[in-house]
Structures are given as C-alpha cells and as structure tokens.
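Enquirer: If it helps, the file is called query-v1.pdb and holds PDB, N, CA and C atoms:
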ATOM      1  N   MET A1246     -22.492  -4.140  19.271
ATOM      2  CA  MET A1246     -21.164  -3.786  18.847
ATOM      3  C   MET A1246     -21.197  -3.385  17.369
ATOM      4  N   THR A1247     -20.476  -2.363  17.024
ATOM      5  CA  THR A1247     -20.434  -1.853  15.662
ATOM      6  C   THR A1247     -19.549  -2.734  14.788
ATOM      7  N   GLU A1248     -20.023  -3.006  13.589
ATOM      8  CA  GLU A1248     -19.249  -3.799  12.641
ATOM      9  C   GLU A1248     -17.995  -3.027  12.226
ATOM     10  N   ARG A1249     -16.854  -3.691  12.268
ATOM     11  CA  ARG A1249     -15.588  -3.071  11.850
ATOM     12  C   ARG A1249     -15.435  -3.254  10.347
ATOM     13  N   ILE A1250     -15.537  -2.130   9.620
ATOM     14  CA  ILE A1250     -15.466  -2.151   8.169
ATOM     15  C   ILE A1250     -14.221  -1.395   7.728
ATOM     16  N   ALA A1251     -13.458  -2.008   6.818
ATOM     17  CA  ALA A1251     -12.265  -1.363   6.277
ATOM     18  C   ALA A1251     -12.338  -1.357   4.757
ATOM     19  N   LEU A1252     -11.639  -0.400   4.167
ATOM     20  CA  LEU A1252     -11.567  -0.269   2.720
ATOM     21  C   LEU A1252     -10.112  -0.370   2.300
ATOM     22  N   TYR A1253      -9.832  -1.240   1.341
ATOM     23  CA  TYR A1253      -8.509  -1.356   0.747
ATOM     24  C   TYR A1253      -8.633  -0.935  -0.716
ATOM     25  N   PRO A1254      -8.256   0.310  -1.042
ATOM     26  CA  PRO A1254      -8.424   0.812  -2.402
ATOM     27  C   PRO A1254      -7.177   0.583  -3.256
ATOM     28  N   GLY A1255      -7.385   0.491  -4.552
ATOM     29  CA  GLY A1255      -6.278   0.399  -5.484
ATOM     30  C   GLY A1255      -6.788   0.171  -6.890
ATOM     31  N   THR A1256      -5.866   0.225  -7.846
ATOM     32  CA  THR A1256      -6.262  -0.068  -9.221
ATOM     33  C   THR A1256      -6.145  -1.562  -9.510
ATOM     34  N   PHE A1257      -5.271  -2.250  -8.790
ATOM     35  CA  PHE A1257      -5.110  -3.701  -8.930
ATOM     36  C   PHE A1257      -4.953  -4.096 -10.400
ATOM     37  N   ASP A1258      -3.953  -3.500 -11.027
ATOM     38  CA  ASP A1258      -3.737  -3.687 -12.464
ATOM     39  C   ASP A1258      -2.351  -4.246 -12.737
ATOM     40  N   PRO A1259      -2.132  -5.508 -12.539
ATOM     41  CA  PRO A1259      -3.019  -6.555 -12.047
ATOM     42  C   PRO A1259      -2.875  -6.721 -10.535
ATOM     43  N   VAL A1260      -3.701  -7.582  -9.961
ATOM     44  CA  VAL A1260      -3.579  -7.915  -8.545
ATOM     45  C   VAL A1260      -2.293  -8.728  -8.378
ATOM     46  N   THR A1261      -1.523  -8.411  -7.332
ATOM     47  CA  THR A1261      -0.232  -9.069  -7.119
ATOM     48  C   THR A1261      -0.240  -9.854  -5.813
ATOM     49  N   ASN A1262       0.793 -10.647  -5.603
ATOM     50  CA  ASN A1262       0.945 -11.358  -4.333
ATOM     51  C   ASN A1262       1.052 -10.370  -3.174
ATOM     52  N   GLY A1263       1.659  -9.226  -3.415
ATOM     53  CA  GLY A1263       1.729  -8.194  -2.379
ATOM     54  C   GLY A1263       0.352  -7.694  -1.981
ATOM     55  N   HIS A1264      -0.506  -7.452  -2.976
ATOM     56  CA  HIS A1264      -1.890  -7.055  -2.689
ATOM     57  C   HIS A1264      -2.593  -8.129  -1.864
ATOM     58  N   LEU A1265      -2.427  -9.378  -2.280
ATOM     59  CA  LEU A1265      -3.103 -10.480  -1.592
ATOM     60  C   LEU A1265      -2.615 -10.624  -0.161
ATOM     61  N   ASP A1266      -1.342 -10.370   0.081
ATOM     62  CA  ASP A1266      -0.801 -10.414   1.436
ATOM     63  C   ASP A1266      -1.448  -9.335   2.304
ATOM     64  N   VAL A1267      -1.535  -8.122   1.781
ATOM     65  CA  VAL A1267      -2.163  -7.024   2.528
ATOM     66  C   VAL A1267      -3.635  -7.340   2.785
ATOM     67  N   ILE A1268      -4.338  -7.860   1.790
ATOM     68  CA  ILE A1268      -5.755  -8.203   1.957
ATOM     69  C   ILE A1268      -5.923  -9.268   3.036
ATOM     70  N   GLY A1269      -5.090 -10.299   3.003
ATOM     71  CA  GLY A1269      -5.170 -11.358   4.013
ATOM     72  C   GLY A1269      -4.916 -10.843   5.416
ATOM     73  N   ARG A1270      -3.933  -9.972   5.566
ATOM     74  CA  ARG A1270      -3.630  -9.401   6.883
ATOM     75  C   ARG A1270      -4.752  -8.494   7.368
ATOM     76  N   ALA A1271      -5.276  -7.666   6.463
ATOM     77  CA  ALA A1271      -6.348  -6.734   6.828
ATOM     78  C   ALA A1271      -7.628  -7.475   7.191
ATOM     79  N   ALA A1272      -7.919  -8.558   6.483
ATOM     80  CA  ALA A1272      -9.152  -9.311   6.728
ATOM     81  C   ALA A1272      -9.181  -9.897   8.133
ATOM     82  N   ARG A1273      -8.016 -10.151   8.708
ATOM     83  CA  ARG A1273      -7.969 -10.681  10.082
ATOM     84  C   ARG A1273      -8.283  -9.621  11.129
ATOM     85  N   LEU A1274      -8.260  -8.350  10.731
ATOM     86  CA  LEU A1274      -8.463  -7.248  11.679
ATOM     87  C   LEU A1274      -9.888  -6.709  11.717
ATOM     88  N   VAL A1275     -10.697  -7.083  10.725
ATOM     89  CA  VAL A1275     -12.015  -6.467  10.576
ATOM     90  C   VAL A1275     -13.101  -7.518  10.396
ATOM     91  N   ASP A1276     -14.345  -7.051  10.501
ATOM     92  CA  ASP A1276     -15.495  -7.915  10.231
ATOM     93  C   ASP A1276     -15.801  -7.970   8.740
ATOM     94  N   ARG A1277     -15.610  -6.832   8.073
ATOM     95  CA  ARG A1277     -15.885  -6.752   6.633
ATOM     96  C   ARG A1277     -14.809  -5.910   5.976
ATOM     97  N   LEU A1278     -14.237  -6.446   4.915
ATOM     98  CA  LEU A1278     -13.220  -5.737   4.145
ATOM     99  C   LEU A1278     -13.754  -5.523   2.743
ATOM    100  N   VAL A1279     -13.774  -4.275   2.320
ATOM    101  CA  VAL A1279     -14.172  -3.941   0.956
ATOM    102  C   VAL A1279     -12.903  -3.625   0.179
ATOM    103  N   VAL A1280     -12.669  -4.390  -0.864
ATOM    104  CA  VAL A1280     -11.546  -4.134  -1.760
ATOM    105  C   VAL A1280     -12.104  -3.263  -2.874
ATOM    106  N   GLY A1281     -11.719  -2.001  -2.862
ATOM    107  CA  GLY A1281     -12.233  -1.035  -3.834
ATOM    108  C   GLY A1281     -11.330  -0.948  -5.043
ATOM    109  N   VAL A1282     -11.840  -1.387  -6.184
ATOM    110  CA  VAL A1282     -11.074  -1.326  -7.429
ATOM    111  C   VAL A1282     -11.382   0.012  -8.090
ATOM    112  N   ALA A1283     -10.360   0.860  -8.163
ATOM    113  CA  ALA A1283     -10.545   2.225  -8.637
ATOM    114  C   ALA A1283     -10.730   2.293 -10.142
ATOM    115  N   ILE A1284     -11.672   3.121 -10.534
ATOM    116  CA  ILE A1284     -11.871   3.457 -11.947
ATOM    117  C   ILE A1284     -10.986   4.676 -12.187
ATOM    118  N   ASN A1285      -9.862   4.467 -12.851
ATOM    119  CA  ASN A1285      -8.923   5.559 -13.072
ATOM    120  C   ASN A1285      -8.364   5.435 -14.475
ATOM    121  N   ILE A1286      -9.102   5.967 -15.421
ATOM    122  CA  ILE A1286      -8.707   5.879 -16.822
ATOM    123  C   ILE A1286      -7.416   6.649 -17.069
ATOM    124  N   GLY A1287      -7.144   7.660 -16.264
ATOM    125  CA  GLY A1287      -5.940   8.466 -16.410
ATOM    126  C   GLY A1287      -4.658   7.672 -16.255
ATOM    127  N   LYS A1288      -4.705   6.552 -15.558
ATOM    128  CA  LYS A1288      -3.522   5.719 -15.377
ATOM    129  C   LYS A1288      -3.276   4.798 -16.564
ATOM    130  N   GLY A1289      -4.216   4.667 -17.477
ATOM    131  CA  GLY A1289      -4.054   3.789 -18.625
ATOM    132  C   GLY A1289      -3.875   2.340 -18.226
ATOM    133  N   PRO A1290      -4.899   1.746 -17.603
ATOM    134  CA  PRO A1290      -4.771   0.387 -17.073
ATOM    135  C   PRO A1290      -4.531  -0.661 -18.159
ATOM    136  N   LEU A1291      -3.793  -1.695 -17.780
ATOM    137  CA  LEU A1291      -3.534  -2.832 -18.653
ATOM    138  C   LEU A1291      -4.815  -3.635 -18.879
ATOM    139  N   PHE A1292      -5.580  -3.857 -17.795
ATOM    140  CA  PHE A1292      -6.843  -4.589 -17.856
ATOM    141  C   PHE A1292      -7.991  -3.617 -17.672
ATOM    142  N   ASP A1293      -9.147  -3.903 -18.302
ATOM    143  CA  ASP A1293     -10.296  -3.022 -18.085
ATOM    144  C   ASP A1293     -10.888  -3.290 -16.702
ATOM    145  N   LEU A1294     -11.796  -2.443 -16.291
ATOM    146  CA  LEU A1294     -12.344  -2.494 -14.936
ATOM    147  C   LEU A1294     -12.963  -3.852 -14.610
ATOM    148  N   GLU A1295     -13.781  -4.379 -15.498
ATOM    149  CA  GLU A1295     -14.456  -5.649 -15.236
ATOM    150  C   GLU A1295     -13.449  -6.784 -15.047
ATOM    151  N   GLU A1296     -12.385  -6.768 -15.842
ATOM    152  CA  GLU A1296     -11.346  -7.801 -15.713
ATOM    153  C   GLU A1296     -10.626  -7.687 -14.379
ATOM    154  N   ARG A1297     -10.302  -6.468 -13.972
ATOM    155  CA  ARG A1297      -9.606  -6.266 -12.698
ATOM    156  C   ARG A1297     -10.470  -6.697 -11.523
ATOM    157  N   VAL A1298     -11.753  -6.342 -11.554
ATOM    158  CA  VAL A1298     -12.669  -6.744 -10.485
ATOM    159  C   VAL A1298     -12.751  -8.266 -10.417
ATOM    160  N   GLU A1299     -12.890  -8.910 -11.558
ATOM    161  CA  GLU A1299     -13.008 -10.370 -11.578
ATOM    162  C   GLU A1299     -11.712 -11.046 -11.122
ATOM    163  N   LEU A1300     -10.563 -10.523 -11.525
ATOM    164  CA  LEU A1300      -9.288 -11.092 -11.093
ATOM    165  C   LEU A1300      -9.144 -11.038  -9.574
ATOM    166  N   VAL A1301      -9.547  -9.928  -8.979
ATOM    167  CA  VAL A1301      -9.472  -9.801  -7.522
ATOM    168  C   VAL A1301     -10.485 -10.730  -6.865
ATOM    169  N   ARG A1302     -11.693 -10.782  -7.396
ATOM    170  CA  ARG A1302     -12.742 -11.657  -6.821
ATOM    171  C   ARG A1302     -12.307 -13.123  -6.793
ATOM    172  N   LEU A1303     -11.642 -13.561  -7.834
ATOM    173  CA  LEU A1303     -11.201 -14.953  -7.906
ATOM    174  C   LEU A1303     -10.257 -15.314  -6.760
ATOM    175  N   GLU A1304      -9.541 -14.338  -6.256
ATOM    176  CA  GLU A1304      -8.566 -14.577  -5.187
ATOM    177  C   GLU A1304      -9.156 -14.436  -3.785
ATOM    178  N   MET A1305     -10.379 -13.928  -3.667
ATOM    179  CA  MET A1305     -10.931 -13.598  -2.356
ATOM    180  C   MET A1305     -11.517 -14.774  -1.586
ATOM    181  N   ALA A1306     -12.070 -15.757  -2.240
ATOM    182  CA  ALA A1306     -12.728 -16.864  -1.537
ATOM    183  C   ALA A1306     -11.795 -17.562  -0.545
ATOM    184  N   PRO A1307     -10.571 -17.925  -0.927
ATOM    185  CA  PRO A1307      -9.689 -18.574   0.054
ATOM    186  C   PRO A1307      -9.338 -17.662   1.225
ATOM    187  N   ILE A1308      -9.177 -16.379   0.960
ATOM    188  CA  ILE A1308      -8.836 -15.440   2.033
ATOM    189  C   ILE A1308     -10.005 -15.304   2.992
ATOM    190  N   ALA A1309     -11.212 -15.159   2.473
ATOM    191  CA  ALA A1309     -12.393 -15.040   3.330
ATOM    192  C   ALA A1309     -12.592 -16.303   4.158
ATOM    193  N   ALA A1310     -12.387 -17.461   3.554
ATOM    194  CA  ALA A1310     -12.553 -18.727   4.282
ATOM    195  C   ALA A1310     -11.516 -18.858   5.394
ATOM    196  N   ARG A1311     -10.297 -18.439   5.116
ATOM    197  CA  ARG A1311      -9.216 -18.559   6.092
ATOM    198  C   ARG A1311      -9.369 -17.577   7.260
ATOM    199  N   THR A1312      -9.872 -16.371   6.997
ATOM    200  CA  THR A1312      -9.927 -15.335   8.032
ATOM    201  C   THR A1312     -11.284 -15.223   8.708
ATOM    202  N   GLY A1313     -12.341 -15.690   8.044
ATOM    203  CA  GLY A1313     -13.681 -15.563   8.595
ATOM    204  C   GLY A1313     -14.311 -14.199   8.369
ATOM    205  N   ALA A1314     -13.608 -13.316   7.691
ATOM    206  CA  ALA A1314     -14.146 -11.980   7.408
ATOM    207  C   ALA A1314     -14.941 -12.013   6.115
ATOM    208  N   ALA A1315     -15.909 -11.131   6.023
ATOM    209  CA  ALA A1315     -16.621 -10.940   4.762
ATOM    210  C   ALA A1315     -15.737 -10.043   3.899
ATOM    211  N   VAL A1316     -15.374 -10.530   2.734
ATOM    212  CA  VAL A1316     -14.524  -9.753   1.828
ATOM    213  C   VAL A1316     -15.314  -9.487   0.556
ATOM    214  N   GLU A1317     -15.467  -8.208   0.222
ATOM    215  CA  GLU A1317     -16.207  -7.809  -0.974
ATOM    216  C   GLU A1317     -15.262  -7.108  -1.938
ATOM    217  N   VAL A1318     -15.526  -7.234  -3.207
ATOM    218  CA  VAL A1318     -14.769  -6.525  -4.235
ATOM    219  C   VAL A1318     -15.763  -5.660  -4.995
ATOM    220  N   ARG A1319     -15.486  -4.347  -5.004
ATOM    221  CA  ARG A1319     -16.400  -3.410  -5.664
ATOM    222  C   ARG A1319     -15.614  -2.351  -6.425
ATOM    223  N   PRO A1320     -16.077  -1.986  -7.601
ATOM    224  CA  PRO A1320     -15.453  -0.856  -8.295
ATOM    225  C   PRO A1320     -15.915   0.458  -7.659
ATOM    226  N   PHE A1321     -15.062   1.468  -7.735
ATOM    227  CA  PHE A1321     -15.485   2.787  -7.257
ATOM    228  C   PHE A1321     -14.804   3.877  -8.068
ATOM    229  N   GLN A1322     -15.423   5.055  -8.034
ATOM    230  CA  GLN A1322     -14.911   6.208  -8.758
ATOM    231  C   GLN A1322     -15.071   7.421  -7.875
ATOM    232  N   GLY A1323     -14.188   8.365  -8.007
ATOM    233  CA  GLY A1323     -14.292   9.595  -7.251
ATOM    234  C   GLY A1323     -13.322   9.623  -6.091
ATOM    235  N   LEU A1324     -13.586  10.520  -5.164
ATOM    236  CA  LEU A1324     -12.688  10.694  -4.026
ATOM    237  C   LEU A1324     -12.797   9.522  -3.058
ATOM    238  N   LEU A1325     -11.660   9.070  -2.611
ATOM    239  CA  LEU A1325     -11.593   7.929  -1.704
ATOM    240  C   LEU A1325     -12.385   8.173  -0.429
ATOM    241  N   VAL A1326     -12.254   9.338   0.148
ATOM    242  CA  VAL A1326     -12.942   9.619   1.412
ATOM    243  C   VAL A1326     -14.461   9.570   1.246
ATOM    244  N   HIS A1327     -14.956   9.998   0.097
ATOM    245  CA  HIS A1327     -16.403   9.936  -0.146
ATOM    246  C   HIS A1327     -16.870   8.492  -0.231
ATOM    247  N   TYR A1328     -16.084   7.657  -0.912
ATOM    248  CA  TYR A1328     -16.453   6.251  -1.027
ATOM    249  C   TYR A1328     -16.372   5.555   0.332
ATOM    250  N   ALA A1329     -15.356   5.869   1.108
ATOM    251  CA  ALA A1329     -15.221   5.281   2.443
ATOM    252  C   ALA A1329     -16.439   5.619   3.300
ATOM    253  N   ARG A1330     -16.887   6.846   3.250
ATOM    254  CA  ARG A1330     -18.092   7.236   4.001
ATOM    255  C   ARG A1330     -19.319   6.494   3.495
ATOM    256  N   GLU A1331     -19.422   6.371   2.174
ATOM    257  CA  GLU A1331     -20.577   5.702   1.552
ATOM    258  C   GLU A1331     -20.733   4.261   2.042
ATOM    259  N   ILE A1332     -19.626   3.550   2.204
ATOM    260  CA  ILE A1332     -19.709   2.147   2.619
ATOM    261  C   ILE A1332     -19.605   1.974   4.133
ATOM    262  N   GLY A1333     -19.409   3.071   4.856
ATOM    263  CA  GLY A1333     -19.337   3.001   6.320
ATOM    264  C   GLY A1333     -17.993   2.539   6.854
ATOM    265  N   ALA A1334     -16.942   2.685   6.053
ATOM    266  CA  ALA A1334     -15.604   2.257   6.489
ATOM    267  C   ALA A1334     -15.085   3.166   7.596
ATOM    268  N   ARG A1335     -14.498   2.548   8.597
ATOM    269  CA  ARG A1335     -13.875   3.272   9.696
ATOM    270  C   ARG A1335     -12.369   3.325   9.556
ATOM    271  N   MET A1336     -11.843   2.543   8.598
ATOM    272  CA  MET A1336     -10.399   2.577   8.365
ATOM    273  C   MET A1336     -10.124   2.312   6.891
ATOM    274  N   ILE A1337      -9.001   2.862   6.435
ATOM    275  CA  ILE A1337      -8.516   2.644   5.089
ATOM    276  C   ILE A1337      -7.199   1.908   5.205
ATOM    277  N   ILE A1338      -7.079   0.823   4.486
ATOM    278  CA  ILE A1338      -5.881  -0.021   4.512
ATOM    279  C   ILE A1338      -4.955   0.393   3.383
ATOM    280  N   ARG A1339      -3.688   0.557   3.696
ATOM    281  CA  ARG A1339      -2.681   0.838   2.676
ATOM    282  C   ARG A1339      -1.471  -0.035   2.945
ATOM    283  N   GLY A1340      -0.814  -0.459   1.905
ATOM    284  CA  GLY A1340       0.393  -1.272   2.038
ATOM    285  C   GLY A1340       1.621  -0.460   1.683
ATOM    286  N   LEU A1341       2.745  -0.954   2.095
ATOM    287  CA  LEU A1341       4.009  -0.266   1.765
ATOM    288  C   LEU A1341       4.790  -1.079   0.777
TER     289      LEU A1341
END
Represent the supplied structure as structure tokens.
Expert:
Amino acid sequence: MTERIALYPGTFDPVTNGHLDVIGRAARLVDRLVVGVAINIGKGPLFDLEERVELVRLEMAPIAARTGAAVEVRPFQGLLVHYAREIGARMIIRGL
C-alpha cells in the first residue's frame, strides 16, 4: 500500500490555534503530514524562518502522538507544486 503523504503549506507567522486545528485534522487522514513553512521574504514576516519552523515544531509532538501520523516541519521555497512533487505529496491541505 502506498504511503499517504500530504503537505500543509503556509508562512505560519506566527502559528495559530487555527493552524493547529487544521494540522490535527489533516494528520488523522494521512500517514505522513509535512508542514511546509514557506520562505517568503516578500511578505515581511514578523519572525525569521528558523523561529517559525521551531515554533511549529514545538506544537507537533502532541499532535503526532494523538493521531499516530508522522508529522514533519520543513522550510521550503519556490513553487508549491514543485515542492509537493519533491516530497511525494498526493494532497495539499488548505484551511478556510
């Protein structure tokens, strides 16, 4: 059986309860969830990339333990579709 991999992209500047809710829901649907923290200097982020990645990582352990999914946090740059292909994602998660 093929591993179900999803990508949840965003700038996460900062990570919010809404983001965490979407991550928790998505993690229940897949085997592996990659939270892609976008490098987007054009948006003028409040936190630098390393801080944003670490803030998201700090919140992932309880979600991974609760859902049983592997949850990774990785920075990425460039077109979303290229990154999704690179990591083997079959779905992209977006929240409303």
Enquirer: Counting only C-alpha atoms, which residues come within 7 Å of (-12.5, -0.3, -7.2), with the point read in the file's coordinates, and could you list them as a list of chain:residue names?
Expert: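 Using only C-alpha atoms, the matching residues come out as A:Pro1254, A:Gly1255, A:Thr1256, A:Val1280, A:Gly1281, A:Val1282, A:Ala1283, A:Ile1284, A:Arg1319, A:Pro1320, A:Phe1321.
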Enquirer: Choose the residue, out of A:Val1279, A:Thr1261, A:Tyr1253, A:Leu1303, that has the smallest atom-to-atom separation from Val1316 (chain A); count only C-alpha atoms.
Expert: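 The shortest atom-to-atom distance to Val1316 (chain A) comes from A:Val1279.
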Enquirer: When distances are computed from only C-alpha atoms, which of A:Ile1338, A:Ile1250, A:Leu1278, A:Ile1286 shows the smallest separation from Ile1308 (chain A)?
Expert: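 Of the candidates, the smallest distance to Ile1308 (chain A) is held by A:Leu1278.
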Enquirer: Restricting the calculation to only C-alpha atoms: of A:Pro1307, A:Gly1313, A:Gly1263, A:Gly1287, which residue gets closest to Gly1340 (chain A)?
Expert: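 Going through A:Pro1307, A:Gly1313, A:Gly1263, A:Gly1287 one by one, the smallest distance to Gly1340 (chain A) is for A:Gly1263.
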Enquirer: Please run DSSP on the backbone and report, as a ChimeraX atom specification, all residues within chain A that come out as strand (DSSP E or B).
Expert: /A:1250-1255,1277-1283,1315-1321,1336-1337
Enquirer: If you run DSSP over the backbone, which residues in region 1287-1322 of chain A end up helix (DSSP H, G or I)? Put them as a VMD selection string.
Expert: chain A and resid 1287 to 1288 1294 to 1312
Enquirer: Just checking: using all atoms listed in the file, which residue out of A:Asp1276, A:Val1267, A:Asp1258, A:Arg1249 ends up closest to Asp1293 (chain A)?
Expert: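 Using all atoms listed in the file, the shortest distance to Asp1293 (chain A) belongs to A:Asp1258.
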Enquirer: For the structure provided, state which residues fall under the PyMOL selection byres ((chain A and resi 1330-1336) around 5), and present them as a VMD selection string.
Expert: chain A and resid 1250 to 1252 1326 to 1329 1337 to 1338
Enquirer: Grab the atom C of Lys1288 (chain A) to CA of Glu1304 (chain A) distance for me, in Å with one decimal place.
Expert: 23.1 Å
Enquirer: What gap, in Å, lies between atom N of Asp1266 (chain A) and atom C of Leu1324 (chain A)?
Expert: 23.2 Å
Enquirer: Residues picked by the PyMOL selection byres ((chain A and resi 1259) around 8) here, as a list in words?
Expert: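 Output of the PyMOL selection byres ((chain A and resi 1259) around 8): Thr1256, Phe1257, Asp1258, Val1260, Thr1261, Asn1262, His1264, Pro1290, Leu1291, Phe1292, Arg1297, Leu1300 and Val1301 of chain A.
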Enquirer: If you take every atom of region 1308-1319 of chain A that the file lists and fit an axis-aligned box around them with 4 Å extra on each side, what centre and edge lengths come out in Å to one decimal, as JSON?
Expert:
{"center_x": -12.7, "center_y": -10.6, "center_z": 1.1, "size_x": 15.8, "size_y": 24.5, "size_z": 23.1}
Enquirer: Report the distance between atom C of Glu1299 (chain A) and CA of Val1318 (chain A) in Å, rounded to one decimal place.
Expert: 8.8 Å
Enquirer: Looking at A:Met1246, A:Glu1295, A:Arg1273, A:Asn1285, which one is nearest to Gly1323 (chain A), with distances taken over only C-alpha atoms?
Expert: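 Closest to Gly1323 (chain A) of all the choices is A:Asn1285.
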Enquirer: Can you find the residues with an atom no farther than 7 Å from (-9.2, -13.0, 8.6), counting all atoms listed in the file, and report them as a list in words?
Expert: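 Selection result: Gly1269, Arg1270, Ala1271, Ala1272, Arg1273, Leu1274, Val1275, Ile1308, Ala1309, Arg1311, Thr1312, Gly1313 and Ala1314 of chain A.
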Enquirer: Could you please fill out region 1278-1298 of chain A with N, CA, C and O atoms and send it back as a PDB file, keeping the file's coordinate frame?
Expert:
ATOM      1  N   LEU A1278     -14.237  -6.446   4.915  1.00  0.00           N
ATOM      2  CA  LEU A1278     -13.220  -5.737   4.145  1.00  0.00           C
ATOM      3  C   LEU A1278     -13.754  -5.523   2.743  1.00  0.00           C
ATOM      4  O   LEU A1278     -14.157  -6.476   2.070  1.00  0.00           O
ATOM      5  N   VAL A1279     -13.774  -4.275   2.320  1.00  0.00           N
ATOM      6  CA  VAL A1279     -14.172  -3.941   0.956  1.00  0.00           C
ATOM      7  C   VAL A1279     -12.903  -3.625   0.179  1.00  0.00           C
ATOM      8  O   VAL A1279     -12.147  -2.735   0.553  1.00  0.00           O
ATOM      9  N   VAL A1280     -12.669  -4.390  -0.864  1.00  0.00           N
ATOM     10  CA  VAL A1280     -11.546  -4.134  -1.760  1.00  0.00           C
ATOM     11  C   VAL A1280     -12.104  -3.263  -2.874  1.00  0.00           C
ATOM     12  O   VAL A1280     -12.911  -3.725  -3.690  1.00  0.00           O
ATOM     13  N   GLY A1281     -11.719  -2.001  -2.862  1.00  0.00           N
ATOM     14  CA  GLY A1281     -12.233  -1.035  -3.834  1.00  0.00           C
ATOM     15  C   GLY A1281     -11.330  -0.948  -5.043  1.00  0.00           C
ATOM     16  O   GLY A1281     -10.193  -0.506  -4.936  1.00  0.00           O
ATOM     17  N   VAL A1282     -11.840  -1.387  -6.184  1.00  0.00           N
ATOM     18  CA  VAL A1282     -11.074  -1.326  -7.429  1.00  0.00           C
ATOM     19  C   VAL A1282     -11.382   0.012  -8.090  1.00  0.00           C
ATOM     20  O   VAL A1282     -12.510   0.274  -8.498  1.00  0.00           O
ATOM     21  N   ALA A1283     -10.360   0.860  -8.163  1.00  0.00           N
ATOM     22  CA  ALA A1283     -10.545   2.225  -8.637  1.00  0.00           C
ATOM     23  C   ALA A1283     -10.730   2.293 -10.142  1.00  0.00           C
ATOM     24  O   ALA A1283     -10.032   1.620 -10.902  1.00  0.00           O
ATOM     25  N   ILE A1284     -11.672   3.121 -10.534  1.00  0.00           N
ATOM     26  CA  ILE A1284     -11.871   3.457 -11.947  1.00  0.00           C
ATOM     27  C   ILE A1284     -10.986   4.676 -12.187  1.00  0.00           C
ATOM     28  O   ILE A1284     -11.305   5.765 -11.727  1.00  0.00           O
ATOM     29  N   ASN A1285      -9.862   4.467 -12.851  1.00  0.00           N
ATOM     30  CA  ASN A1285      -8.923   5.559 -13.072  1.00  0.00           C
ATOM     31  C   ASN A1285      -8.364   5.435 -14.475  1.00  0.00           C
ATOM     32  O   ASN A1285      -7.293   4.880 -14.694  1.00  0.00           O
ATOM     33  N   ILE A1286      -9.102   5.967 -15.421  1.00  0.00           N
ATOM     34  CA  ILE A1286      -8.707   5.879 -16.822  1.00  0.00           C
ATOM     35  C   ILE A1286      -7.416   6.649 -17.069  1.00  0.00           C
ATOM     36  O   ILE A1286      -6.629   6.298 -17.933  1.00  0.00           O
ATOM     37  N   GLY A1287      -7.144   7.660 -16.264  1.00  0.00           N
ATOM     38  CA  GLY A1287      -5.940   8.466 -16.410  1.00  0.00           C
ATOM     39  C   GLY A1287      -4.658   7.672 -16.255  1.00  0.00           C
ATOM     40  O   GLY A1287      -3.615   8.059 -16.759  1.00  0.00           O
ATOM     41  N   LYS A1288      -4.705   6.552 -15.558  1.00  0.00           N
ATOM     42  CA  LYS A1288      -3.522   5.719 -15.377  1.00  0.00           C
ATOM     43  C   LYS A1288      -3.276   4.798 -16.564  1.00  0.00           C
ATOM     44  O   LYS A1288      -2.224   4.172 -16.638  1.00  0.00           O
ATOM     45  N   GLY A1289      -4.216   4.667 -17.477  1.00  0.00           N
ATOM     46  CA  GLY A1289      -4.054   3.789 -18.625  1.00  0.00           C
ATOM     47  C   GLY A1289      -3.875   2.340 -18.226  1.00  0.00           C
ATOM     48  O   GLY A1289      -2.844   1.740 -18.466  1.00  0.00           O
ATOM     49  N   PRO A1290      -4.899   1.746 -17.603  1.00  0.00           N
ATOM     50  CA  PRO A1290      -4.771   0.387 -17.073  1.00  0.00           C
ATOM     51  C   PRO A1290      -4.531  -0.661 -18.159  1.00  0.00           C
ATOM     52  O   PRO A1290      -4.990  -0.527 -19.288  1.00  0.00           O
ATOM     53  N   LEU A1291      -3.793  -1.695 -17.780  1.00  0.00           N
ATOM     54  CA  LEU A1291      -3.534  -2.832 -18.653  1.00  0.00           C
ATOM     55  C   LEU A1291      -4.815  -3.635 -18.879  1.00  0.00           C
ATOM     56  O   LEU A1291      -5.111  -4.048 -19.986  1.00  0.00           O
ATOM     57  N   PHE A1292      -5.580  -3.857 -17.795  1.00  0.00           N
ATOM     58  CA  PHE A1292      -6.843  -4.589 -17.856  1.00  0.00           C
ATOM     59  C   PHE A1292      -7.991  -3.617 -17.672  1.00  0.00           C
ATOM     60  O   PHE A1292      -7.873  -2.640 -16.937  1.00  0.00           O
ATOM     61  N   ASP A1293      -9.147  -3.903 -18.302  1.00  0.00           N
ATOM     62  CA  ASP A1293     -10.296  -3.022 -18.085  1.00  0.00           C
ATOM     63  C   ASP A1293     -10.888  -3.290 -16.702  1.00  0.00           C
ATOM     64  O   ASP A1293     -10.521  -4.251 -16.025  1.00  0.00           O
ATOM     65  N   LEU A1294     -11.796  -2.443 -16.291  1.00  0.00           N
ATOM     66  CA  LEU A1294     -12.344  -2.494 -14.936  1.00  0.00           C
ATOM     67  C   LEU A1294     -12.963  -3.852 -14.610  1.00  0.00           C
ATOM     68  O   LEU A1294     -12.687  -4.423 -13.552  1.00  0.00           O
ATOM     69  N   GLU A1295     -13.781  -4.379 -15.498  1.00  0.00           N
ATOM     70  CA  GLU A1295     -14.456  -5.649 -15.236  1.00  0.00           C
ATOM     71  C   GLU A1295     -13.449  -6.784 -15.047  1.00  0.00           C
ATOM     72  O   GLU A1295     -13.620  -7.643 -14.181  1.00  0.00           O
ATOM     73  N   GLU A1296     -12.385  -6.768 -15.842  1.00  0.00           N
ATOM     74  CA  GLU A1296     -11.346  -7.801 -15.713  1.00  0.00           C
ATOM     75  C   GLU A1296     -10.626  -7.687 -14.379  1.00  0.00           C
ATOM     76  O   GLU A1296     -10.377  -8.697 -13.720  1.00  0.00           O
ATOM     77  N   ARG A1297     -10.302  -6.468 -13.972  1.00  0.00           N
ATOM     78  CA  ARG A1297      -9.606  -6.266 -12.698  1.00  0.00           C
ATOM     79  C   ARG A1297     -10.470  -6.697 -11.523  1.00  0.00           C
ATOM     80  O   ARG A1297      -9.995  -7.363 -10.599  1.00  0.00           O
ATOM     81  N   VAL A1298     -11.753  -6.342 -11.554  1.00  0.00           N
ATOM     82  CA  VAL A1298     -12.669  -6.744 -10.485  1.00  0.00           C
ATOM     83  C   VAL A1298     -12.751  -8.266 -10.417  1.00  0.00           C
ATOM     84  O   VAL A1298     -12.663  -8.864  -9.339  1.00  0.00           O
TER      85      VAL A1298
END
